[in-house]
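Novice: Got a structure for you, questions after.
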Amino acid sequence: MDPSSPVTIEDHGERWVVRLNRPERRNALGRAVVQGLLDAADQAQRSRSLRAIILSGAGEHAFCAGADLKERQTLSPDEVRVFVGQMNAAFRAIETSPKVWIAAIHGAVLGGGLELSLCADLRVAQTNAIIGLPEVRLGILPGAGGTQRLPRLIGIARAKELILTGMRFSAADALRLGVVNRVADDHEAAAHALADEVCRGAPISLTQAKRAVDLGYDLDLEAGLAWERACYEMIIPTKDRLEGLAAFAEKRTPVYIGE
């Protein structure tokens, strides 16, 4: 991939690093970046061996500082509506991806940047991260899923406090609130360590476990358990399930092929 692309993909076999690559704009979410994210999610979906994706940002100062407001000023109201729709489509593609996404966030993680990280399955923050949804202070509101994903993650009362005040908070506060899973000085190394753990799982098992959680969350318990069984049913005929059983019996590391 062209290293000058607005979003780059580093292919490490069973894992990728998808990197926002506009450090001179603090990796702001302009149209090219959003399209790059959508393309990356599409490519990931087609990879059989891929298990985990680390989503990170280039440069020292920001994972993503939110919307590209300079670009936004050049757009008509109708163009803004189209762009917001495209951004939501890209974020939803990440959220519903059959792969496990791990956001490795640092520096400024504001507005759309935080909303983007909320689409990942797991989040690792560098200790210097400054996080927040400041939209109400800019005369708008979080429009890329923040008002919906954050309450589902940390509860409605805490989410309202963060959204309605527009306050910024630290990585330590994010860990305490449950916004991130881990905090580390080297956020990318910590994200890779987490990906190591994820990649011990079989590709189809990871996909079905993610679907079981995501689509069962809003169901009542009986319906949720039925959905879990349906997801498990998809694993029963796989070669990887038999490989897992054989590897356990033979006391060796399983070799999964995504079939």
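Ligands are numbered from 1 in the order shown, chains are lettered A, B, ... in the order of the structure tokens, and residues start at 1 in each chain.
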I'd like the neighbourhood of Ala90 (chain A) as a ChimeraX atom specification, where a residue qualifies if any of its atoms comes within 9 Å (using only C-alpha atoms), though same-chain residues fewer than 5 positions away should be ignored.

Specialist: /A:34-39,41,85,95

Novice: Write a file of the just-selected residues containing C-alpha atoms, as a compact mmCIF listing (two decimals), in the first residue's frame.

Specialist:
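Output below, filename part.txt:
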```txt
# COMPACT_ATOMS: atom_id res chain seq x y z
CA VAL A 34 -13.32 7.94 6.04
CA GLN A 35 -13.18 6.24 2.64
CA GLY A 36 -9.87 4.64 3.63
CA LEU A 37 -11.45 3.19 6.78
CA LEU A 38 -14.37 1.82 4.78
CA ASP A 39 -11.98 0.21 2.29
CA ALA A 41 -12.96 -2.82 6.77
CA GLY A 85 -23.78 9.21 6.34
CA GLU A 95 -18.24 -2.34 14.49
```

Novice: Which polymer residues have any atom within 8 Å of an atom of Ala62 (chain A), counting only C-alpha atoms, with same-chain residues fewer than 4 positions away left out, as a PyMOL selection string?

Specialist: chain A and resi 23+26-27+57-58+105-109

Novice: Could the residues in this selection be saved with N, CA and C atoms as a short mmCIF file (atom, residue, chain, number, x, y, z; two decimals), in the first residue's frame?

Specialist:
```cif
data_model
loop_
_atom_site.label_atom_id
_atom_site.label_comp_id
_atom_site.auth_asym_id
_atom_site.auth_seq_id
_atom_site.Cartn_x
_atom_site.Cartn_y
_atom_site.Cartn_z
N PRO A 23 -1.01 12.74 9.93
CA PRO A 23 -0.54 13.35 11.19
C PRO A 23 -0.49 14.87 11.14
N ARG A 26 -3.60 15.97 12.39
CA ARG A 26 -3.93 15.25 13.62
C ARG A 26 -4.92 14.11 13.33
N ASN A 27 -4.72 13.51 12.16
CA ASN A 27 -5.53 12.37 11.72
C ASN A 27 -7.03 12.65 11.74
N GLY A 57 -3.12 5.55 15.03
CA GLY A 57 -2.95 6.82 14.32
C GLY A 57 -1.49 7.19 14.19
N ALA A 58 -1.11 7.76 13.05
CA ALA A 58 0.27 8.16 12.81
C ALA A 58 0.60 9.44 13.58
N ILE A 105 -5.07 4.02 21.15
CA ILE A 105 -5.30 5.47 21.10
C ILE A 105 -4.25 6.22 21.92
N HIS A 106 -3.91 7.42 21.42
CA HIS A 106 -2.92 8.24 22.11
C HIS A 106 -3.20 9.71 21.79
N GLY A 107 -2.56 10.59 22.56
CA GLY A 107 -2.69 12.02 22.30
C GLY A 107 -4.14 12.46 22.32
N ALA A 108 -4.51 13.26 21.33
CA ALA A 108 -5.89 13.75 21.24
C ALA A 108 -6.80 12.66 20.70
N VAL A 109 -7.83 12.34 21.47
CA VAL A 109 -8.84 11.37 21.06
C VAL A 109 -10.18 12.05 21.31
#
```

Novice: If we count only C-alpha atoms and set the cut-off at 6 Å, which residues sit around Gly258 (chain A), ignoring sequence neighbours fewer than 6 positions away in its own chain? Please answer as JSON, numbers by chain.

Specialist: {"A": [48, 49, 203, 204]}

Novice: What does the file look like for those residues with C-alpha atoms, as a PDB file, in the first residue's frame?

Specialist:
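Written out: selection38.pdb:
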```pdb
ATOM      1  CA  ARG A  48      -9.967 -15.806   5.936  1.00  0.00           C
ATOM      2  CA  SER A  49      -6.814 -15.982   8.107  1.00  0.00           C
ATOM      3  CA  PRO A 203     -10.919 -17.255  13.376  1.00  0.00           C
ATOM      4  CA  ILE A 204     -14.454 -18.618  13.100  1.00  0.00           C
TER       5      ILE A 204
END
```

Novice: Considering only C-alpha atoms, return as a ChimeraX atom specification whatever protein or nucleic-acid residues lie within 8 Å of Gly216 (chain A), sequence-local ones (same chain, fewer than 3 positions apart) excluded.

Specialist: /A:211-213,219,223-225,227-228

Novice: Restricting the calculation to only C-alpha atoms: of A:Ile154, A:Ala159, A:Ala103, A:Ile53, which residue gets closest to Arg176 (chain A)?

Specialist: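 Of A:Ile154, A:Ala159, A:Ala103, A:Ile53, the one nearest Arg176 (chain A) is A:Ile154, counting only C-alpha atoms.
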
Novice: Any idea what's packed within 9 Å of Thr8 (chain A), counting only C-alpha atoms, ignoring anything in its chain fewer than 2 positions away? Could you give it as a list of chain:residue names?

Specialist: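 Contacts, with the query itself left out: A:Met1, A:Asp2, A:Pro3, A:Ser4, A:Ser5, A:Pro6, A:Glu10, A:Val17, A:Val18, A:Arg19, A:Leu20, A:Asn21, A:Gly36, A:Ala40.
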
Novice: Counting only C-alpha atoms, what is within 12 Å of Arg152 (chain A), bar same-chain residues fewer than 2 positions away, as a ChimeraX atom specification?

Specialist: /A:118-119,145-150,154-160,178-179,214,217-218

Novice: Under the rule that only C-alpha atoms are counted, which of A:Ala249, A:Ala144, A:Val33, A:Ala209 is the nearest residue to Ala89 (chain A)?

Specialist: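 Comparing A:Ala249, A:Ala144, A:Val33, A:Ala209 against Ala89 (chain A), the winner is A:Ala144.
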
Novice: Under the rule of at most 8 Å, produce a per-residue listing of region 140-189 of chain A near region 120-131 of chain A: chain, number, name, the closest pair of atoms, and the distance in Å, as JSON lines, using only C-alpha atoms.

Specialist:
```
{"residue": "A:Arg168", "atom": "CA", "partner": "A:Ile131", "partner_atom": "CA", "distance": 5.4}
{"residue": "A:Phe169", "atom": "CA", "partner": "A:Ile131", "partner_atom": "CA", "distance": 5.3}
{"residue": "A:Ser170", "atom": "CA", "partner": "A:Ile130", "partner_atom": "CA", "distance": 5.1}
{"residue": "A:Ala171", "atom": "CA", "partner": "A:Ala129", "partner_atom": "CA", "distance": 5.4}
{"residue": "A:Ala172", "atom": "CA", "partner": "A:Thr127", "partner_atom": "CA", "distance": 7.2}
{"residue": "A:Ala174", "atom": "CA", "partner": "A:Ile131", "partner_atom": "CA", "distance": 7.8}
{"residue": "A:Val179", "atom": "CA", "partner": "A:Arg123", "partner_atom": "CA", "distance": 7.7}
{"residue": "A:Val180", "atom": "CA", "partner": "A:Arg123", "partner_atom": "CA", "distance": 4.9}
{"residue": "A:Asn181", "atom": "CA", "partner": "A:Arg123", "partner_atom": "CA", "distance": 5.4}
{"residue": "A:Arg182", "atom": "CA", "partner": "A:Val124", "partner_atom": "CA", "distance": 4.8}
{"residue": "A:Val183", "atom": "CA", "partner": "A:Ala125", "partner_atom": "CA", "distance": 4.8}
{"residue": "A:Ala184", "atom": "CA", "partner": "A:Gln126", "partner_atom": "CA", "distance": 5.1}
{"residue": "A:Asp185", "atom": "CA", "partner": "A:Gln126", "partner_atom": "CA", "distance": 5.3}
{"residue": "A:Asp186", "atom": "CA", "partner": "A:Gln126", "partner_atom": "CA", "distance": 6.2}
{"residue": "A:His187", "atom": "CA", "partner": "A:Gln126", "partner_atom": "CA", "distance": 4.7}
{"residue": "A:Glu188", "atom": "CA", "partner": "A:Val124", "partner_atom": "CA", "distance": 8.0}
```

Novice: Write out, as a compact mmCIF listing (two decimals), in the first residue's frame, the residues just selected, with C-alpha atoms.

Specialist:
```
# COMPACT_ATOMS: atom_id res chain seq x y z
CA ARG A 168 -12.07 16.21 28.43
CA PHE A 169 -10.72 13.40 30.57
CA SER A 170 -7.51 11.43 31.00
CA ALA A 171 -6.60 7.87 30.14
CA ALA A 172 -6.73 7.01 33.84
CA ALA A 174 -11.19 6.46 30.88
CA VAL A 179 -14.18 3.61 28.27
CA VAL A 180 -10.88 1.76 27.69
CA ASN A 181 -9.73 -1.72 28.63
CA ARG A 182 -6.06 -1.00 29.33
CA VAL A 183 -3.66 1.93 29.78
CA ALA A 184 0.04 1.72 28.97
CA ASP A 185 3.01 3.97 28.26
CA ASP A 186 3.49 2.16 24.95
CA HIS A 187 -0.07 1.80 23.73
CA GLU A 188 0.81 0.03 20.48
```

Novice: Restricting the calculation to only C-alpha atoms: of A:Leu206, A:Leu141, A:Ala67, A:Ala28, which residue gets closest to Pro98 (chain A)?

Specialist: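 So, comparing all the options, the nearest one is A:Leu206.
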
Novice: From a backbone DSSP assignment, name each residue in region 7-256 of chain A labelled strand (DSSP E), as an NGL selection string.

Specialist: :A and (7-11 or 15-20 or 52-57 or 62-64 or 100-105 or 108-110 or 122-126 or 130-132 or 168-170 or 182-184)
